[in-house]
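Below is one structure; the comments refer to it alone.
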Amino acid sequence: MISYIIPILLLISFFLFIYFILKGGNLTIGLFVMAVLWAIIGLVPFNVAINKIFTEPVLNYGSTIIYIIFGSWFGRVLVESGIASAISSETNKIGKNKPLLSAILVLLVTSFIFISAYGVGSVIAIGVILLPIMLSVGIPRDLALTTFCLAIGAPMYINVVLFNQIKPFFPAVAYDNKYLSFAWVAAIIQLIAVIILLVINRKKIDSSKAADNLKIIGAKINTDGEKGSKVAKIAYIVPIVPVAMNMLFKWDAVPSLTLAALLAMLLTEKMNNYQALVAFINDTVKKAISDIASLIMFLMALTMFTGAAKIDAAHFKPLFNAILPHGHLVLAIIFGVLAPLALFRGPLHVWGAGAATAAVLSGTHLFSDYFLLPLLLIPSLLAVSTDVTQSWNIWGLDYMKVDTKSFLKYGVPTMWIVSIINEIIAFCFFG
């Protein structure tokens, strides 16, 4: 009898958690409470709960926090060194008299930068440079913001910092060529979809409204490339360095990001003066850690809940065996069709209520980690790209003075199609 009661109570608490998140509840608090509840409901012995839920998962997550810190720091270095603005300025020059081409170049540059850069601070710093460029050529504010956010989401398949946030759910997956082969394809598919969205809506581009849109957000365009003038063009390769070092030489993310940051400082003459170099490093490190402070606490709570969910996964195994299709293709299509359930931190968003879905699915061992990771990552990136609860999307809506309806109208249908396609791609690689 108790074997039926426990999974029922766990499911009830899970749906209450989803309701709590949809009502705007704090994720960090919600995940910590869920960790406690699932330890109690799952009848986890006290000492086991202390060690396996509230201690070991958090300590084991330490290395991932280091990756996030280095990724956020590298993003800050790109911005503060002037490399990001230099690339942006060059983009603006190339497409100045061709609005559609200019906007497409901005999206390509955005994705290029976020192959390695990460964090809301980096998004804001780069957004205030690139978004006004899109407005200056006549792109409507809602279309500019949506395509910009979707272009940030595309390289997140490759971004080593984000990968290391989802890896604890699926520890068997490595950031190697096996995974990256899929990641590059998925990222390119999303980027192509974003460009198609822009092309489809090209008739909405109206240069006569550029000044009004810029005035609304209080932005000005730096047309003379002041910041970019001191940056050597060789520095433009810096954003791709961390991924290249991993793919070519199997370097870990920390030395890869460190090398890229040092190259950025060297190529932008930050190393010419020792005192100035020290001040630059201190400033970028402080800003980088400040950018991710709340994220780190959220991830700590998430690891606790993941620990509880993995212990309780055994209670769900008979249920999952009964209801889940055992065919990999069918499951991939189902997750693609249901991908919008990741919105509003829903049950398919691994950095929301979907933490339980990921942890339980992984704990049942019904499917390989290499298949499950993209299965859950794809809908999660739908949310990262177009969800109004994502931190940088919230900033973008406020900065660009765009209403959520317009943002979702452009973003969700595009990402839904991308999710279905990428789920099938995931099946082709790992099914």
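Here's how to read the names in the structure tokens: chain A, B, ... by the order shown, residue numbers from 1 in each chain, ligand numbers from 1 in the order shown.
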
Subject >> Nearby residues (only C-alpha atoms) at most 6 Å from stretch 113-129 of chain A, same-chain spacing under 3 positions excluded, as a PyMOL selection string >> reply: chain A and resi 71-72+75-76+110+155+159+239+291+392

Could you give me, as a tab-separated table, every stretch 225-298 of chain A residue with an atom at most 12 Å from stretch 22-40 of chain A, plus its closest atom pair and distance in Å to one decimal, counting only C-alpha atoms, rows ordered by chain then number?
residue	atom	partner	partner_atom	distance
A:Ser294	CA	A:Thr28	CA	8.9
A:Leu295	CA	A:Thr28	CA	9.0
A:Ile296	CA	A:Thr28	CA	9.8
A:Met297	CA	A:Thr28	CA	7.0
A:Phe298	CA	A:Thr28	CA	4.7

Next, write the just-selected residues to a file, as a PDB file, in the first residue's frame, keeping C-alpha atoms as the atom set.
ATOM      1  CA  SER A 294      21.773  34.866  -7.095  1.00  0.00           C
ATOM      2  CA  LEU A 295      22.241  32.176  -9.765  1.00  0.00           C
ATOM      3  CA  ILE A 296      24.745  30.358  -7.551  1.00  0.00           C
ATOM      4  CA  MET A 297      22.321  30.213  -4.618  1.00  0.00           C
ATOM      5  CA  PHE A 298      19.577  28.994  -6.942  1.00  0.00           C
TER       6      PHE A 298
END

**OP:** For atom CA of A:Phe74 and atom CA of A:Ala235, quote the distance in Å rounded to one decimal.
**Re:**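 These two atoms are separated by 13.7 Å.
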
Original post:
What is the distance, in Å and to one decimal place, between atom CA of A:Leu366 and atom CA of A:Tyr157?
Top reply: 23.7 Å

Any idea what's packed within 9 Å of A:Gln190, counting only C-alpha atoms, ignoring anything in its chain fewer than 4 positions away? Could you give it as a JSON list (two decimals) with C-alpha atoms, in the first residue's frame?
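Ended up saving to around-v2.json:
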[["chain", "number", "residue", "atom", "x", "y", "z"],
["A", 150, "LEU", "CA", 16.72, 33.75, -29.63],
["A", 151, "ALA", "CA", 20.20, 34.37, -31.05],
["A", 153, "GLY", "CA", 19.80, 30.94, -26.92],
["A", 154, "ALA", "CA", 21.19, 29.26, -30.04],
["A", 155, "PRO", "CA", 24.85, 28.92, -28.91],
["A", 185, "VAL", "CA", 23.91, 21.12, -35.44],
["A", 186, "ALA", "CA", 21.19, 22.09, -32.94],
["A", 194, "VAL", "CA", 15.88, 33.08, -36.08],
["A", 195, "ILE", "CA", 17.18, 34.48, -39.37],
["A", 414, "THR", "CA", 9.62, 29.80, -33.71],
["A", 415, "MET", "CA", 11.17, 27.94, -30.78],
["A", 418, "VAL", "CA", 13.00, 24.44, -33.52],
["A", 419, "SER", "CA", 12.38, 22.18, -30.53],
["A", 422, "ASN", "CA", 16.12, 19.41, -32.65]]

Original post:
Skipping near chain neighbours, those fewer than 4 positions away, what residues fall within 12 Å of A:Asn97 using only C-alpha atoms, listed as a VMD selection string?
Top reply: chain A and resid 91 to 93 101 to 103 136 to 138 207

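Look at stretch 340-343 of chain A: the protein and nucleic acid residues within 6 Å of it, using only C-alpha atoms and passing over chain neighbours fewer than 4 places away, are A:Pro347, A:Leu348, A:His349, A:Pro379, A:Ser380, A:Ala383, A:Asp387.
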
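For the pair atom CA of A:Gly352 and atom CA of A:Leu16, the separation is 12.9 Å.
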
**OP:** Quick one: everything within 8 Å of A:Ile420, counting only C-alpha atoms, minus sequence neighbours fewer than 4 positions away in the same chain. Send it as JSON, numbers by chain.
**Re:** {"A": [333, 335, 336, 337, 339, 416, 424]}

Subject >> Every residue of stretch 91-307 of chain A that DSSP places in helix (DSSP H, G or I), as JSON, numbers by chain >> reply: {"A": [91, 92, 93, 94, 99, 100, 101, 102, 103, 104, 105, 106, 107, 108, 109, 110, 111, 112, 113, 120, 121, 122, 123, 124, 125, 126, 127, 128, 129, 130, 131, 132, 133, 134, 135, 136, 141, 142, 143, 144, 145, 146, 147, 148, 149, 150, 151, 152, 153, 154, 155, 156, 157, 160, 161, 162, 163, 164, 165, 166, 167, 168, 169, 177, 178, 179, 180, 181, 182, 183, 184, 185, 186, 187, 188, 189, 190, 191, 192, 193, 194, 195, 196, 197, 198, 199, 200, 202, 203, 204, 207, 208, 209, 210, 211, 212, 213, 214, 215, 216, 217, 228, 229, 230, 233, 234, 235, 236, 237, 238, 239, 240, 241, 242, 243, 244, 245, 246, 247, 248, 249, 253, 254, 255, 256, 257, 258, 259, 260, 261, 262, 263, 264, 265, 266, 267, 274, 275, 276, 277, 278, 279, 280, 281, 282, 283, 284, 285, 286, 287, 288, 289, 290, 291, 292, 293, 294, 295, 296, 297, 298, 299, 300, 301, 302, 303, 304, 305, 306, 307]}

**OP:** Measuring atom to atom with only C-alpha atoms, identify which of A:Ala232, A:Ala426, A:Ala49, A:Val278 is nearest to A:Lys310.
**Re:** A:Ala49

**OP:** Can you pull out every residue within 12 Å of A:Ile237, counting only C-alpha atoms, but drop anything in the same chain fewer than 4 positions away, and send it as a PyMOL selection string?
**Re:** chain A and resi 78+83-84+86-87+109+112-113+115-116+231-233+241-244+260-261+263-264+267

Original post:
Restricting the calculation to only C-alpha atoms, which member of A:Leu262, A:Met304, A:Ala353, A:Ile417 is positioned closest to A:Tyr61?
Top reply: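 Answer, going by the shortest atom-to-atom distance: A:Met304.
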
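Distance annotation: of A:Thr389, A:Cys428, A:Ala253, A:Asn177, the residue with the minimal separation from A:Gly346 is A:Thr389; atom set is only C-alpha atoms.
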
Original post:
Pick from A:Ile425, A:Ala314, A:Ile378, A:Val412: nearest to A:His365, with only C-alpha atoms counted?
Top reply: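 For A:His365, the nearest of the candidates is A:Ala314.
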
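Of the listed residues A:Ala301, A:Leu105, A:Ile2, A:Ala332, the one whose atoms come nearest to A:Leu191 is A:Leu105, with distances taken using only C-alpha atoms.
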